[in-house]
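Chemist: First the structure, then my questions, so here it is.
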Amino acid sequence: MAAAAIETFQTQPLISQTILKTSMIRLDPPLDPAPPYYFGHGILAELGPLVKKFSPDRVFLITTPLLETLYGSAIEESLSQAALPCETLAIQDGEDQKTFRTLEFVCETLVDRGVSKASLIIGFGGGCLTNIAGLAAALIFRGIHYVEMPTTLMGVTDSCLSNKQAVNGTHGKNQFGTYYAPVFLFGDTQFLATEPAGSKRAAIAEGVKNGLISDPDLVEFYKVALERPVDRMTAAETHELAHRMILSKFKILARDPSEKHYAIILEYGHTFGHAIEFLTHGRIPHGFAVARGMCIAAELSHRLGYIPRSAVDLHYHFFGTLLGIDLSLPRNIETAQILNAINSDNKKTTGGTKYVLLKQIGECMNPDGDFQVFVDQSIVRSVLDAYKLRFEKQVAAI
């Protein structure tokens with residue numbers, strides 16, 4: 001599905017029409033450093049007082065033109081109530097915008113507008129936009145205060161739960177960046193009301209991943225939960241699902257707050273997924289690309305004798321049948337292109353590229369103590385060729 005279709009939000013904000021209202025709760029992500037995560041539904045009034053605690057001289061809201069139209073005035077009102085001056089900088093979102101060029105534009109524009117060491121940046125949008133805003137905050141004057149406000153289910157439950165800030169390079173995804181923690185995270189699930197169902201399905205794929213790599217009970221939960229189509233979930237159901245997804249990632253991060261040892265299992269499917277996402281210039285969005293990547297990683301795990309065929313089929317059941325994701329690869333992307341992109345992946349080491357693979361449902365392989373496996377490139381090539389052929393045969397049969 002094209003990125004434009006995934007990122008198209010409904011045109012009417014539901015801030016004053018919510019059927020669900022929750023008290024704001026504070027979650028403490030097991031990260032190092034660990035920004036507090038303020039989470040709820042319909043909690044935007046709490047934003048201003050939280051920002052006020054950092055005594056910024058000015059607040060700069062970085063968002064998209066569409067999100068500014070939908071929610072900009074409400075955010076500015078919350079900040080105004082706390083006597084905080086705010087300026088908005090609207091930029092385009094998406095993988096093709098996640099570049100040095102966009103980063104330079106943001107940094108230079110903020111400096112031109114008088115940003116200071118005492119200012120605070122709010123990144124309000126999807127994962128690509130918040131990465132740009134976060135990296136800009138890290139670079140301006142060697143670091144100014146940053147608040148991350150995700151507007152997608154993927155952002156609320158997954159991408160914000162990391163201190164990673166990055167932009168893409170010419171040869172691959174997230175090649176240039178740093179670790180820089182926001183002063184706090186602000187997740188208001190009311191913003192998900194204007195997110196399309198396709199984007200939510202992409203996020204849930206990441207939630208399913210957390211079960212596949214670490215928690216068989218969570219796998220069983222999703223088997224039941226996903227019997228209800230995503231586009232039929234109520235605001236309350238979406239909120240509760242988001243909370244469950246957040247806690248499932250917390251469980252993994254608790255074992256490795258640095259995200260450099262055990263938590264590397266969160267990259268399951270991402271080596272292939274990032275290559276697909278990059279080569280399609282974001283036309284296959286992150287969650288859908290990673291769903292494909294997980295299926296390929298499962299096929300590779302099976303080829304190496306780690307998991308049975310039934311475990312691979314479970315991937316296709318979740319991502320293809322229950323979530324309705326098109327798992328095929330574009331015909332114009334060759335196996336050699338995927339391998340070239342993988343060879344530029346940010347997880348490549350001096351020994352080559354390593355892969356997060358399954359030992360069984362709920363557990364990853366760990367032969368060298370880093371939860372990754374070196375695989376001969378000829379085997380990877382063979383698995384990719386077979387994966388492409390699987391779907392070409394299905395299309396031919398139709």
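In the structure tokens, chains take letters A, B, ... by order of appearance, with residues numbered from 1 within each chain and ligands from 1 in the order shown.
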What's the 6 Å shell around stretch 33-50 of chain A, counting only C-alpha atoms, without same-chain residues fewer than 2 positions away, as an MDAnalysis selection string?
Modeler: chainID A and resid 21:22 24:29 31 52:53 78:79 82 183:190
Chemist: Tell me, as a list in words, which residues lie within 8 Å of stretch 320-326 of chain A, counting only C-alpha atoms; anything in the same chain fewer than 2 positions away does not count.
Modeler: Met1, Arg201, Ala205, Leu226, Glu227, Pro229, Val230, Phe288, Ala291, His315, Tyr316, His317, Phe318 and Ser328 of chain A
Chemist: Leaving out A:Gly169 and any residue of its chain fewer than 4 positions from it, which residues lie within 10 Å of it when counting only C-alpha atoms, given as a list of chain:residue names?
Modeler: A:Lys98, A:Thr99, A:Phe100, A:Lys173, A:Asn174, A:Gln175, A:Phe176, A:Phe278, A:Ser344
Chemist: Which residues are close to A:Leu339, i.e. within 8 Å by only C-alpha atoms, leaving aside same-chain residues fewer than 4 positions away? Reply as a list in words.
Modeler: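 Final neighbour list, sorted by chain and number: Thr335, Asn343 and Arg381 of chain A.
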Chemist: Hey, what's within 9 Å of stretch 370-374 of chain A if we count only C-alpha atoms and toss same-chain stuff fewer than 4 positions away? As a PyMOL selection string, please?
Modeler: chain A and resi 260-265+351-357+364-366
Chemist: Name the closest residue to A:Ser248 among the candidates A:Val375, A:Val290, A:Pro30, A:Glu95; distances are taken between atoms, counting only C-alpha atoms.
Modeler: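 The closest residue to A:Ser248 is A:Pro30.
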Chemist: May I ask for the distance between atom CA of A:Asp215 and atom CA of A:Ile307, given in Å to one decimal place?
Modeler: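 Separating atom CA of A:Asp215 from atom CA of A:Ile307 is a distance of 15.7 Å.
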Chemist: Determine which residues of stretch 137-200 of chain A DSSP labels as strand (DSSP E or B) from the backbone of this structure, then write them out as a PyMOL selection string.
Modeler: chain A and resi 145-150+164-167+176-179+184-188
Chemist: Output N, CA and C atoms of each residue in that selection to a file, as a CSV table (one decimal), in the first residue's frame.
Modeler:
```csv
chain,number,residue,atom,x,y,z
A,145,HIS,N,16.2,21.1,25.2
A,145,HIS,CA,15.1,20.3,25.7
A,145,HIS,C,14.2,19.9,24.5
A,146,TYR,N,13.7,18.6,24.6
A,146,TYR,CA,12.9,18.1,23.5
A,146,TYR,C,11.8,17.3,24.2
A,147,VAL,N,10.5,17.4,23.6
A,147,VAL,CA,9.4,16.7,24.0
A,147,VAL,C,8.9,15.9,22.8
A,148,GLU,N,8.6,14.6,23.0
A,148,GLU,CA,8.1,13.8,21.8
A,148,GLU,C,6.6,13.5,22.0
A,149,MET,N,5.8,13.9,21.0
A,149,MET,CA,4.4,13.7,21.1
A,149,MET,C,4.0,12.9,19.8
A,150,PRO,N,3.9,11.6,19.9
A,150,PRO,CA,3.6,10.8,18.7
A,150,PRO,C,2.1,10.9,18.4
A,164,LYS,N,16.6,6.9,20.3
A,164,LYS,CA,17.3,6.9,19.1
A,164,LYS,C,16.7,8.1,18.2
A,165,GLN,N,17.6,8.9,17.7
A,165,GLN,CA,17.2,10.0,16.8
A,165,GLN,C,18.1,9.8,15.5
A,166,ALA,N,17.5,9.8,14.3
A,166,ALA,CA,18.3,9.6,13.1
A,166,ALA,C,17.7,10.1,11.9
A,167,VAL,N,18.5,10.3,10.8
A,167,VAL,CA,18.0,10.5,9.5
A,167,VAL,C,18.6,9.4,8.6
A,176,PHE,N,22.6,7.9,10.1
A,176,PHE,CA,23.2,9.0,10.8
A,176,PHE,C,22.3,9.5,11.9
A,177,GLY,N,22.8,9.4,13.1
A,177,GLY,CA,22.0,9.8,14.3
A,177,GLY,C,22.8,9.7,15.6
A,178,THR,N,22.0,9.7,16.6
A,178,THR,CA,22.6,9.7,18.0
A,178,THR,C,21.5,9.2,18.9
A,179,TYR,N,21.9,8.9,20.2
A,179,TYR,CA,21.0,8.7,21.2
A,179,TYR,C,20.8,10.0,22.0
A,184,PHE,N,10.5,14.5,28.3
A,184,PHE,CA,9.3,13.6,28.6
A,184,PHE,C,8.6,13.2,27.3
A,185,LEU,N,7.9,12.1,27.3
A,185,LEU,CA,7.0,11.6,26.2
A,185,LEU,C,5.6,11.9,26.6
A,186,PHE,N,4.8,12.2,25.6
A,186,PHE,CA,3.4,12.6,25.8
A,186,PHE,C,2.5,11.8,24.8
A,187,GLY,N,1.9,10.8,25.3
A,187,GLY,CA,1.1,9.9,24.4
A,187,GLY,C,-0.4,10.1,24.7
A,188,ASP,N,-1.1,10.8,23.8
A,188,ASP,CA,-2.6,11.0,24.0
A,188,ASP,C,-3.2,10.3,22.9
```
Chemist: Quick one, how far is atom CA of A:Ile246 from atom CA of A:Asp231?
Modeler: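 Atom CA of A:Asp231 lies 20.2 Å from atom CA of A:Ile246.
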Chemist: Using DSSP on the backbone coordinates, identify all residues within stretch 192-390 of chain A classified as alpha helix (DSSP H); present the result as an MDAnalysis selection string.
Modeler: chainID A and resid 197:214 216:225 235:253 270:279 286:303 309:316 335:343 377:390
Chemist: So that I have them on file, write out the residues from the current selection with C-alpha atoms, as a compact mmCIF listing (two decimals), in the first residue's frame.
Modeler:
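Result saved to result-v6.txt:
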```txt
# COMPACT_ATOMS: atom_id res chain seq x y z
CA ALA A 197 -6.82 1.74 9.98
CA GLY A 198 -3.96 0.74 7.67
CA SER A 199 -1.48 2.69 9.73
CA LYS A 200 -2.82 1.09 12.91
CA ARG A 201 -2.44 -2.40 11.41
CA ALA A 202 1.18 -1.58 10.65
CA ALA A 203 1.74 -0.65 14.30
CA ILE A 204 0.02 -3.76 15.61
CA ALA A 205 2.45 -5.83 13.51
CA GLU A 206 5.21 -4.46 15.76
CA GLY A 207 3.14 -5.41 18.81
CA VAL A 208 2.75 -8.97 17.54
CA LYS A 209 6.53 -9.01 17.08
CA ASN A 210 7.02 -8.47 20.82
CA GLY A 211 5.14 -11.70 21.45
CA LEU A 212 6.94 -13.67 18.76
CA ILE A 213 10.35 -12.77 20.18
CA SER A 214 9.74 -12.92 23.91
CA PRO A 216 4.20 -16.85 23.99
CA ASP A 217 1.28 -15.70 26.18
CA LEU A 218 1.19 -12.41 24.27
CA VAL A 219 1.02 -14.39 21.02
CA GLU A 220 -2.10 -16.13 22.34
CA PHE A 221 -3.58 -12.76 23.34
CA TYR A 222 -3.18 -11.42 19.80
CA LYS A 223 -4.74 -14.52 18.27
CA VAL A 224 -7.96 -13.56 20.06
CA ALA A 225 -7.67 -9.77 20.01
CA ALA A 235 -11.60 4.38 21.04
CA ALA A 236 -11.55 2.52 24.36
CA GLU A 237 -10.38 -0.72 22.73
CA THR A 238 -7.67 1.11 20.82
CA HIS A 239 -6.53 2.85 24.00
CA GLU A 240 -6.35 -0.41 25.94
CA LEU A 241 -4.53 -2.15 23.09
CA ALA A 242 -2.00 0.70 22.97
CA HIS A 243 -1.42 0.38 26.72
CA ARG A 244 -0.90 -3.38 26.37
CA MET A 245 1.56 -2.86 23.51
CA ILE A 246 3.55 -0.30 25.52
CA LEU A 247 3.85 -2.62 28.50
CA SER A 248 4.95 -5.52 26.28
CA LYS A 249 7.88 -3.43 25.04
CA PHE A 250 8.66 -2.30 28.61
CA LYS A 251 9.04 -5.96 29.56
CA ILE A 252 11.80 -6.38 26.98
CA LEU A 253 13.53 -3.07 27.73
CA HIS A 270 14.01 -5.03 10.78
CA THR A 271 17.14 -5.82 8.78
CA PHE A 272 14.98 -7.04 5.90
CA GLY A 273 12.20 -4.56 6.66
CA HIS A 274 14.48 -1.53 6.62
CA ALA A 275 15.89 -2.59 3.25
CA ILE A 276 12.38 -2.93 1.80
CA GLU A 277 11.27 0.38 3.28
CA PHE A 278 14.35 2.16 1.97
CA LEU A 279 14.21 0.68 -1.52
CA HIS A 286 7.72 0.84 8.27
CA GLY A 287 5.25 -1.54 9.93
CA PHE A 288 4.25 -3.18 6.66
CA ALA A 289 7.90 -3.49 5.62
CA VAL A 290 8.82 -5.05 8.96
CA ALA A 291 5.88 -7.49 8.68
CA ARG A 292 7.43 -8.70 5.42
CA GLY A 293 10.83 -8.68 7.11
CA MET A 294 9.58 -10.87 9.95
CA CYS A 295 8.15 -13.39 7.50
CA ILE A 296 11.49 -13.50 5.68
CA ALA A 297 13.37 -13.82 9.00
CA ALA A 298 11.03 -16.68 9.96
CA GLU A 299 11.72 -18.39 6.63
CA LEU A 300 15.45 -17.97 7.27
CA SER A 301 15.07 -19.35 10.80
CA HIS A 302 13.27 -22.36 9.35
CA ARG A 303 15.85 -22.86 6.58
CA ARG A 309 7.17 -24.81 9.42
CA SER A 310 4.18 -24.23 11.71
CA ALA A 311 5.98 -21.28 13.33
CA VAL A 312 6.56 -19.72 9.92
CA ASP A 313 2.93 -20.24 9.00
CA LEU A 314 1.91 -18.47 12.20
CA HIS A 315 3.64 -15.33 10.85
CA TYR A 316 1.61 -15.47 7.64
CA THR A 335 17.23 -9.77 -4.41
CA ALA A 336 20.61 -8.17 -5.13
CA GLN A 337 19.19 -4.74 -4.27
CA ILE A 338 17.88 -6.00 -0.94
CA LEU A 339 21.25 -7.57 -0.14
CA ASN A 340 23.06 -4.34 -1.04
CA ALA A 341 20.77 -2.36 1.26
CA ILE A 342 21.30 -4.92 4.02
CA ASN A 343 25.06 -4.58 3.62
CA GLN A 377 24.92 -14.56 2.21
CA SER A 378 24.22 -17.36 -0.25
CA ILE A 379 21.62 -18.77 2.16
CA VAL A 380 20.03 -15.36 2.66
CA ARG A 381 19.91 -14.89 -1.11
CA SER A 382 18.23 -18.29 -1.54
CA VAL A 383 15.60 -17.49 1.11
CA LEU A 384 14.85 -14.11 -0.47
CA ASP A 385 14.51 -15.68 -3.92
CA ALA A 386 12.13 -18.31 -2.55
CA TYR A 387 10.09 -15.68 -0.70
CA LYS A 388 9.65 -13.61 -3.85
CA LEU A 389 8.70 -16.69 -5.86
CA ARG A 390 6.10 -17.72 -3.26
```
Chemist: Report the distance between atom CA of A:Tyr71 and atom CA of A:Phe191 in Å, rounded to one decimal place.
Modeler: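 Taking atom CA of A:Tyr71 as the start and atom CA of A:Phe191 as the end point, the length is 8.6 Å.
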Chemist: Pick from A:Asp32, A:Glu76, A:Glu87, A:Asp376: nearest to A:Val59, with only C-alpha atoms counted?
Modeler: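 Comparing A:Asp32, A:Glu76, A:Glu87, A:Asp376 against A:Val59, the winner is A:Glu87.
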